[in-house]
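Below you'll find the structure, written out as structure tokens, and then a few comments.
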Amino acid sequence: MPQELADFFQQLFNGLMISGVYALVALGVTVIFGLTGIVKFSIGELLTLGAFLTFAFWDNGVSFFIAVPLAAVAVAVLSLLLERAAFRFTLDQPINGFIVSLGLILILQNLTVEIWGTQAKTILPPLDIVWDVGGVRMPMQRWFVVWVTVAIIAGLFFALRYSRWGRAVRACAEDRDAAALMGIPVTWVIAGTFAAGGGLAAAAGGLFASIFAIHPYIGAQFLLKGFAVALVGGLGNIEGAVIAALIVGMTETLGAGYGDTIGVGAEWRDAYVFGLLILVLLARPTGLFRARGRLQETLQ
Amino acid sequence: MIAKQQTWWLVAMLLALLLAAGAACSDNKNNGGSDEDTPVPSATEDVSAGTVEPSEIVTRDDVLHKDPGVTKTAEVDWGWLFELTGPPQIQVFGQVTGDGVKLAVDEINKDCTSEGICGFQVGDTIYKINLIDSDTQSDVARTVSLTTKLIRDDHVKVIWGPATLGEAEATQLTQPNKVLHLCPCQDREHTSLDTFEKAAGESHWEFQTLPAISRYFLQGAQGTREDFPELTKVAILCINTEIGQSVCGFYEDAYREAGFEIVGREEFPPGTTDYTPFLTRLRSKQPDILLNFDDAAAQINLLLQAIDLDVGEALQTSLTPDLLNTLLGPDKVRQKIFLAGGIPRQAAQPTSQAAADYFERYQAFSGGELPPASFVSMLTYDFVYMVIASMQQANTVDDTTAIADRLEVLHYAGAAEDDIHFDNRHISVMGSDSCPVIKGVSNCVHDPPPPPAP
């Protein structure tokens with residue numbers, strides 16, 4: 001394969017990979033916001049916690065493939081407890097929920113530092129093979145992460161669309177009072193959604209830990225992009241978040257790869273993403289796709 | 001932004017240099033009178049004549065020696081300002097360089113005579129050191145405020161730190177007040193010496209314990225050329241900050257001067273985790289060596305991705321060989337040559353018995369485990385002994401001008417080097433370790449200090 005073509009496909013693969021990570025973070029943000037109206041910034045720290053728990057399990061001899069679900073369940077339980085202990089008191093005042101979320105960032109960050117220290121950690125990839133297809137280098141672990149991400153997104157999509165719980169979540173997102181009148185246990189639906197959002201973030205963190213080095217502050221790095229993705233996709237819109245993740249991931253990767261052909265250096269990579277965000281918000285304040293739930297109410 | 005830039009500068013300089021043989025540094029020592037009224041020559045001036053002669057090489061045992069029968073005791077207060085909290089890439093260096101001071105002070109305060117009097121002797125008195133320690137929280141304004149308090153309220157004569165942030169600002173307070181101020185101060189070479197001294201006249205009481213790292217670049221490039229003559233093409237990947245660009249510029253100049261072809265240079269935004277778009281661009285230039293500049297934690301990702309994408313035969317790294325094995329895995333480490341090292345000596349494979357003994361003591365002091373970048377503590381540890389040796393030679397713990405005069409000419413055999421001293425800009429002169437890792441096997445050697453700037 002000619003070098004230029006190989007580089008192009010390499011950049012596409014790079015973009016696909018990072019899109020998957022953004023999608024998982026954005027889903028956690030968008031699902032919780034769609035239901036509660038709370039911008040849960042601490043989702044980044046739950047991702048970090050998931051990454052470190054996965055590392056801890058793996059470091060103690062647990063297979064990576066088991067460590068990730070274990071970490072996801074542990075963080076889901078923690079999220080459930082947090083919702084019961086703190087967030088449920090802020091449901092009518094999302095700004096308070098936002099403040100609680102900011103406080104949690106500091107608490108979880110310090111907790112992580114206290115337990116694991118500040119030194120970076122890595123999980124040696126369980127699938128440590130690199131496929132070289134005509135000069136396009138594709139680590140098998142990265143493919144694995146892409147496919148697991150796809151599976152998680154599909155699972156979440158179908159669960160929300162077709163399961164009893166999913167219908168309850170959507171009903172609560174539309175109108176919590178009406179849902180309650182219909183016999184839906186709103187309190188537990190919300191708590192369950194917090195747990196699912198936390199579990200998603202933790203799974204993202206666990207997968208992330210197998211391809212990137214982790215440290216206690218990684219959450220913030222990905223949260224910003226994940227939040228941008230959720231905004232571009234329309235807060236509360238799951239399909240929108242997935243498509244926006246692809247758009248953002250590809251934009252920044254191809255922008256860094258080929259921006260210089262239009263006179264913009266690779267170092268402008270992040271500027272592409274946030275430039276896109278500004279354009280989208282100017283043209284479509286609710287994001288590229290229709291926002292759902294409480295956001296829609298707020299905007300109307 | 002400034003904070004990050006300064007930190008990256010330190011991190012890269014301390015951890016990421018490729019080092020090779022060089023000539024020992026020859027210094028023209030200057031001096032100043034100890035009389036408060038006597039004009040004191042600037043540290044930047046090359047004063048060739050003076051009344052203070054270079055000392056014999058002093059050892060730790062000399063410093064700890066106490067005459068029998070001395071019973072008079074006192075305490076001296078020293079300021080200690082380091083970054084114990086804040087961004088991880090900053091606080092890790094604050095913590096470790098601060099530890100170097102605390103370890104030395106702990107050793108000195110616990111060194112006792114047979115009569116049970118502990119500390120160091122100056123004149124007829126044995127002093128214990130009382131560290132007035134504060135966390136700067138990696139905040140420049142707080143550093144300034146703490147420095148002011150130490151000078152104005154606590155009346156300290158010696159201040160240690162900070163490691164990175166706020167040293168230039170602290171210098172502007174310590175120097176007019178003639179407070180002896182020692183810190184790694186990686187920016188002093190570029191800020192205090194070039195700006196403050198010009199503006200305020202001098203910084204006679206300021207000493208930079210980090211060697212003049214800009215000189216290590218060319219030495220490292222030449223060493224790489226000699227060690228790996230088959231590697232000729234270099235690509236550079238740096239963080240897009242002022243310091244990052246500056247370091248990349250140094251790399252480019254040094255490697256070009258050493259005869260390498262620079263085939264590509266890319267800069268990435270701060271906070272990057274996914275380097276693959278940049279690495280893919282550099283890979284297309286088919287480099288033999290990938291030089292890079294980011295903080296240590298982030299660099300692991302960079303190296304992992306460079307290996308996966310097969311960029312270059314040799315990768316420059318700030319990680320020690322054992323960390324490479326732990327973090328990348330032995331299989332990946334065997335795939336590439338890693339150009340590693342440390343200033344002044346790394347802990348993974350100590351290159352002298354004194355260094356090995358030091359790291360053992362530090363390990364015990366820090367509770368059984370060496371912290372990350374533990375070798376950075378060597379940028380303060382020996383200098384505590386040097387300050388005391390200077391006090392002993394000047395026969396005072398208060399007259400900072402006399403102490404600085406002695407410190408300018410003192411030679412000390414410490415844990416880091418057999419002959420540690422300061423050059424005529426008050427910048428420490430020490431060698432460094434070079435640790436290329438080939439097929440997973442590292443072989444660390446200690447190189448002498450690079451030749452001084454022309």
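Letters A, B, ... go to the chains of the structure tokens in the order shown; residues in each chain start at 1; ligands are counted from 1 in the same order.
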Range 35-39 of chain A: which residues within 6 Å, counting only C-alpha atoms, same-chain residues fewer than 5 positions away excluded, as a list in words?
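Contacts, in chain order: Pro94, Gly97, Phe98, Ala173 and Arg294 of chain A.
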Any idea what's packed within 12 Å of range 69-75 of chain A, counting only C-alpha atoms, ignoring anything in its chain fewer than 5 positions away? Could you give it as a ChimeraX atom specification?
/A:43,45-58,62-64,80-82,108,148,152,194-207,209
Output the selection as a compact mmCIF listing (two decimals), in the first residue's frame - N, CA, C and O atoms for each residue.
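Heads up, here's the output in result-v4.txt:
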```
# COMPACT_ATOMS: atom_id res chain seq x y z
N ILE A 43 -18.35 12.34 36.62
CA ILE A 43 -18.28 11.11 35.83
C ILE A 43 -16.83 10.83 35.41
O ILE A 43 -16.41 9.68 35.29
N GLU A 45 -14.25 11.34 37.23
CA GLU A 45 -13.56 10.69 38.35
C GLU A 45 -14.01 9.24 38.50
O GLU A 45 -13.26 8.39 38.96
N LEU A 46 -15.27 8.98 38.13
CA LEU A 46 -15.73 7.58 38.17
C LEU A 46 -14.99 6.76 37.12
O LEU A 46 -14.67 5.59 37.32
N LEU A 47 -14.69 7.42 35.99
CA LEU A 47 -13.87 6.76 34.96
C LEU A 47 -12.50 6.43 35.54
O LEU A 47 -11.99 5.30 35.40
N THR A 48 -11.92 7.40 36.22
CA THR A 48 -10.59 7.19 36.82
C THR A 48 -10.65 6.05 37.84
O THR A 48 -9.78 5.17 37.86
N LEU A 49 -11.69 6.09 38.67
CA LEU A 49 -11.83 5.05 39.69
C LEU A 49 -11.98 3.67 39.03
O LEU A 49 -11.37 2.69 39.48
N GLY A 50 -12.77 3.62 37.96
CA GLY A 50 -12.94 2.36 37.23
C GLY A 50 -11.60 1.88 36.68
O GLY A 50 -11.28 0.68 36.75
N ALA A 51 -10.81 2.81 36.17
CA ALA A 51 -9.51 2.45 35.62
C ALA A 51 -8.60 1.89 36.71
O ALA A 51 -7.95 0.85 36.54
N PHE A 52 -8.59 2.56 37.86
CA PHE A 52 -7.70 2.10 38.94
C PHE A 52 -8.20 0.81 39.58
O PHE A 52 -7.39 -0.03 39.99
N LEU A 53 -9.51 0.65 39.69
CA LEU A 53 -10.02 -0.61 40.23
C LEU A 53 -9.67 -1.76 39.29
O LEU A 53 -9.28 -2.85 39.73
N THR A 54 -9.81 -1.51 38.00
CA THR A 54 -9.44 -2.54 37.02
C THR A 54 -7.96 -2.89 37.19
O THR A 54 -7.57 -4.06 37.21
N PHE A 55 -7.16 -1.83 37.33
CA PHE A 55 -5.72 -2.06 37.54
C PHE A 55 -5.49 -2.89 38.80
O PHE A 55 -4.69 -3.83 38.80
N ALA A 56 -6.19 -2.51 39.88
CA ALA A 56 -5.98 -3.20 41.16
C ALA A 56 -6.34 -4.68 41.06
O ALA A 56 -5.60 -5.55 41.52
N PHE A 57 -7.49 -4.96 40.41
CA PHE A 57 -7.88 -6.38 40.24
C PHE A 57 -6.82 -7.11 39.41
O PHE A 57 -6.37 -8.19 39.75
N TRP A 58 -6.46 -6.48 38.29
CA TRP A 58 -5.49 -7.10 37.37
C TRP A 58 -4.16 -7.32 38.07
O TRP A 58 -3.53 -8.36 37.93
N VAL A 62 -6.25 -11.03 38.81
CA VAL A 62 -7.54 -11.25 38.15
C VAL A 62 -7.37 -10.96 36.66
O VAL A 62 -6.70 -9.99 36.28
N SER A 63 -7.97 -11.79 35.82
CA SER A 63 -7.88 -11.56 34.38
C SER A 63 -8.48 -10.19 34.03
O SER A 63 -9.49 -9.77 34.60
N PHE A 64 -7.86 -9.54 33.07
CA PHE A 64 -8.36 -8.22 32.65
C PHE A 64 -9.82 -8.30 32.23
O PHE A 64 -10.62 -7.40 32.53
N LEU A 80 -24.65 4.33 42.94
CA LEU A 80 -25.97 4.15 43.55
C LEU A 80 -25.99 4.76 44.96
O LEU A 80 -26.90 5.48 45.35
N LEU A 81 -24.92 4.45 45.71
CA LEU A 81 -24.83 4.97 47.08
C LEU A 81 -24.74 6.50 47.07
O LEU A 81 -25.35 7.17 47.91
N LEU A 82 -23.98 7.02 46.11
CA LEU A 82 -23.85 8.48 46.03
C LEU A 82 -25.19 9.13 45.71
O LEU A 82 -25.53 10.19 46.24
N LEU A 108 -13.03 12.26 45.22
CA LEU A 108 -12.62 11.03 44.54
C LEU A 108 -11.17 11.11 44.07
O LEU A 108 -10.42 10.13 44.12
N VAL A 148 -15.82 -3.76 22.06
CA VAL A 148 -16.53 -3.76 23.35
C VAL A 148 -17.35 -2.48 23.48
O VAL A 148 -18.50 -2.50 23.95
N ILE A 152 -21.27 -2.28 24.11
CA ILE A 152 -21.87 -1.57 25.25
C ILE A 152 -22.91 -0.57 24.75
O ILE A 152 -24.02 -0.47 25.29
N PHE A 194 -28.22 6.41 37.69
CA PHE A 194 -26.92 6.85 38.23
C PHE A 194 -25.95 5.67 38.26
O PHE A 194 -24.78 5.80 37.90
N ALA A 195 -26.47 4.53 38.70
CA ALA A 195 -25.61 3.35 38.78
C ALA A 195 -25.13 2.96 37.38
O ALA A 195 -23.94 2.67 37.18
N ALA A 196 -26.05 3.01 36.41
CA ALA A 196 -25.67 2.64 35.04
C ALA A 196 -24.64 3.62 34.47
O ALA A 196 -23.66 3.22 33.84
N GLY A 197 -24.87 4.92 34.74
CA GLY A 197 -23.92 5.94 34.26
C GLY A 197 -22.55 5.73 34.87
O GLY A 197 -21.53 5.80 34.17
N GLY A 198 -22.51 5.45 36.16
CA GLY A 198 -21.23 5.21 36.83
C GLY A 198 -20.56 3.95 36.29
O GLY A 198 -19.35 3.93 36.06
N GLY A 199 -21.38 2.90 36.12
CA GLY A 199 -20.83 1.65 35.59
C GLY A 199 -20.25 1.84 34.19
O GLY A 199 -19.19 1.30 33.87
N LEU A 200 -20.95 2.62 33.38
CA LEU A 200 -20.45 2.90 32.02
C LEU A 200 -19.11 3.62 32.08
O LEU A 200 -18.17 3.26 31.35
N ALA A 201 -19.05 4.63 32.92
CA ALA A 201 -17.80 5.39 33.03
C ALA A 201 -16.68 4.48 33.51
O ALA A 201 -15.55 4.54 33.02
N ALA A 202 -17.00 3.62 34.48
CA ALA A 202 -15.97 2.71 35.01
C ALA A 202 -15.51 1.73 33.94
O ALA A 202 -14.31 1.42 33.83
N ALA A 203 -16.47 1.24 33.15
CA ALA A 203 -16.09 0.33 32.06
C ALA A 203 -15.18 1.05 31.07
O ALA A 203 -14.17 0.50 30.60
N ALA A 204 -15.53 2.31 30.78
CA ALA A 204 -14.68 3.10 29.89
C ALA A 204 -13.28 3.22 30.48
O ALA A 204 -12.27 3.05 29.80
N GLY A 205 -13.24 3.48 31.81
CA GLY A 205 -11.94 3.61 32.47
C GLY A 205 -11.14 2.32 32.41
O GLY A 205 -9.94 2.33 32.17
N GLY A 206 -11.82 1.20 32.65
CA GLY A 206 -11.15 -0.09 32.62
C GLY A 206 -10.58 -0.40 31.24
O GLY A 206 -9.43 -0.84 31.10
N LEU A 207 -11.39 -0.15 30.22
CA LEU A 207 -10.93 -0.38 28.85
C LEU A 207 -9.78 0.57 28.53
O LEU A 207 -8.77 0.19 27.92
N ALA A 209 -7.66 1.80 30.52
CA ALA A 209 -6.42 1.42 31.21
C ALA A 209 -5.63 0.36 30.45
O ALA A 209 -4.44 0.18 30.72
```
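When only C-alpha atoms are used to measure the gap to chain A, the shortest distance among B:Arg152, B:Arg283, B:Arg142, B:His181 belongs to B:Arg283.
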Could you pull out all residues of range 134-371 of chain B with a DSSP call of strand (DSSP E) and give them as a count of residues only?
41
I'd like the contact shell of Gly240 in chain A - 8 Å cut-off, only C-alpha atoms, skipping same-chain residues fewer than 4 positions apart - returned as an mmCIF file with all heavy atoms, in the first residue's frame.
```cif
data_model
loop_
_atom_site.group_PDB
_atom_site.id
_atom_site.type_symbol
_atom_site.label_atom_id
_atom_site.label_comp_id
_atom_site.auth_asym_id
_atom_site.auth_seq_id
_atom_site.Cartn_x
_atom_site.Cartn_y
_atom_site.Cartn_z
ATOM 1 N N ALA A 230 -21.059 15.194 24.160
ATOM 2 C CA ALA A 230 -22.464 15.146 24.577
ATOM 3 C C ALA A 230 -23.203 16.397 24.124
ATOM 4 O O ALA A 230 -24.365 16.331 23.702
ATOM 5 C CB ALA A 230 -22.540 14.989 26.098
ATOM 6 N N VAL A 232 -22.364 18.380 21.510
ATOM 7 C CA VAL A 232 -22.496 18.359 20.041
ATOM 8 C C VAL A 232 -23.625 17.413 19.648
ATOM 9 O O VAL A 232 -24.424 17.698 18.743
ATOM 10 C CB VAL A 232 -21.166 17.926 19.369
ATOM 11 C CG1 VAL A 232 -21.357 17.663 17.884
ATOM 12 C CG2 VAL A 232 -20.109 19.011 19.561
ATOM 13 N N GLY A 233 -23.709 16.283 20.353
ATOM 14 C CA GLY A 233 -24.734 15.298 20.005
ATOM 15 C C GLY A 233 -26.110 15.665 20.518
ATOM 16 O O GLY A 233 -27.099 15.022 20.138
ATOM 17 N N GLY A 234 -26.192 16.651 21.390
ATOM 18 C CA GLY A 234 -27.481 17.013 21.986
ATOM 19 C C GLY A 234 -27.587 16.327 23.329
ATOM 20 O O GLY A 234 -27.785 15.104 23.386
ATOM 21 N N ALA A 244 -21.811 11.973 17.448
ATOM 22 C CA ALA A 244 -20.945 13.122 17.745
ATOM 23 C C ALA A 244 -19.546 12.664 18.156
ATOM 24 O O ALA A 244 -18.555 13.310 17.818
ATOM 25 C CB ALA A 244 -21.563 13.964 18.849
ATOM 26 N N LEU A 288 -26.297 18.876 17.492
ATOM 27 C CA LEU A 288 -26.595 18.427 16.130
ATOM 28 C C LEU A 288 -27.885 17.631 16.081
ATOM 29 O O LEU A 288 -28.613 17.638 15.101
ATOM 30 C CB LEU A 288 -25.457 17.547 15.605
ATOM 31 C CG LEU A 288 -24.185 18.266 15.160
ATOM 32 C CD1 LEU A 288 -23.140 17.249 14.728
ATOM 33 C CD2 LEU A 288 -24.474 19.242 14.024
ATOM 34 N N PHE A 289 -28.135 16.911 17.147
ATOM 35 C CA PHE A 289 -29.325 16.077 17.193
ATOM 36 C C PHE A 289 -30.245 16.598 18.294
ATOM 37 O O PHE A 289 -29.799 17.301 19.191
ATOM 38 C CB PHE A 289 -28.941 14.615 17.428
ATOM 39 C CG PHE A 289 -27.959 14.146 16.391
ATOM 40 C CD1 PHE A 289 -26.598 14.246 16.620
ATOM 41 C CD2 PHE A 289 -28.397 13.679 15.162
ATOM 42 C CE1 PHE A 289 -25.685 13.857 15.655
ATOM 43 C CE2 PHE A 289 -27.483 13.295 14.196
ATOM 44 C CZ PHE A 289 -26.124 13.379 14.435
ATOM 45 N N ARG A 290 -31.491 16.199 18.208
ATOM 46 C CA ARG A 290 -32.487 16.755 19.110
ATOM 47 C C ARG A 290 -32.179 16.360 20.565
ATOM 48 O O ARG A 290 -31.992 15.186 20.876
ATOM 49 C CB ARG A 290 -33.857 16.218 18.692
ATOM 50 C CG ARG A 290 -35.009 16.768 19.473
ATOM 51 C CD ARG A 290 -36.306 16.325 18.799
ATOM 52 N NE ARG A 290 -37.417 16.461 19.719
ATOM 53 C CZ ARG A 290 -37.858 15.477 20.491
ATOM 54 N NH1 ARG A 290 -37.276 14.310 20.459
ATOM 55 N NH2 ARG A 290 -38.881 15.668 21.299
#
```
For Ser210 in chain A, which of A:Gln141, A:Thr187, A:Thr90, A:Asn237 is the closest residue, counting only C-alpha atoms?
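Of A:Gln141, A:Thr187, A:Thr90, A:Asn237, the one nearest Ser210 in chain A is A:Gln141, counting only C-alpha atoms.
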Determine which residues of chain A sit within 9 Å of chain B, taking into account only C-alpha atoms, and present them as a PyMOL selection string.
chain A and resi 3-4+7+10-11+14-15+18+118-124+130+136-139+211-218+221+252-258+265-270
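Nearest-residue note for Phe87 in chain A: choosing from A:Cys172, A:Ala245, A:Ala191, A:Leu24, the minimum distance belongs to A:Ala191, counting only C-alpha atoms.
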Write out as a VMD selection string the set of residues from range 172-369 of chain B that DSSP, computed on the backbone, places in helix (DSSP H, G or I).
chain B and resid 172 to 174 192 to 200 214 to 227 242 to 257 276 to 283 296 to 309 321 to 328 330 to 335 353 to 365
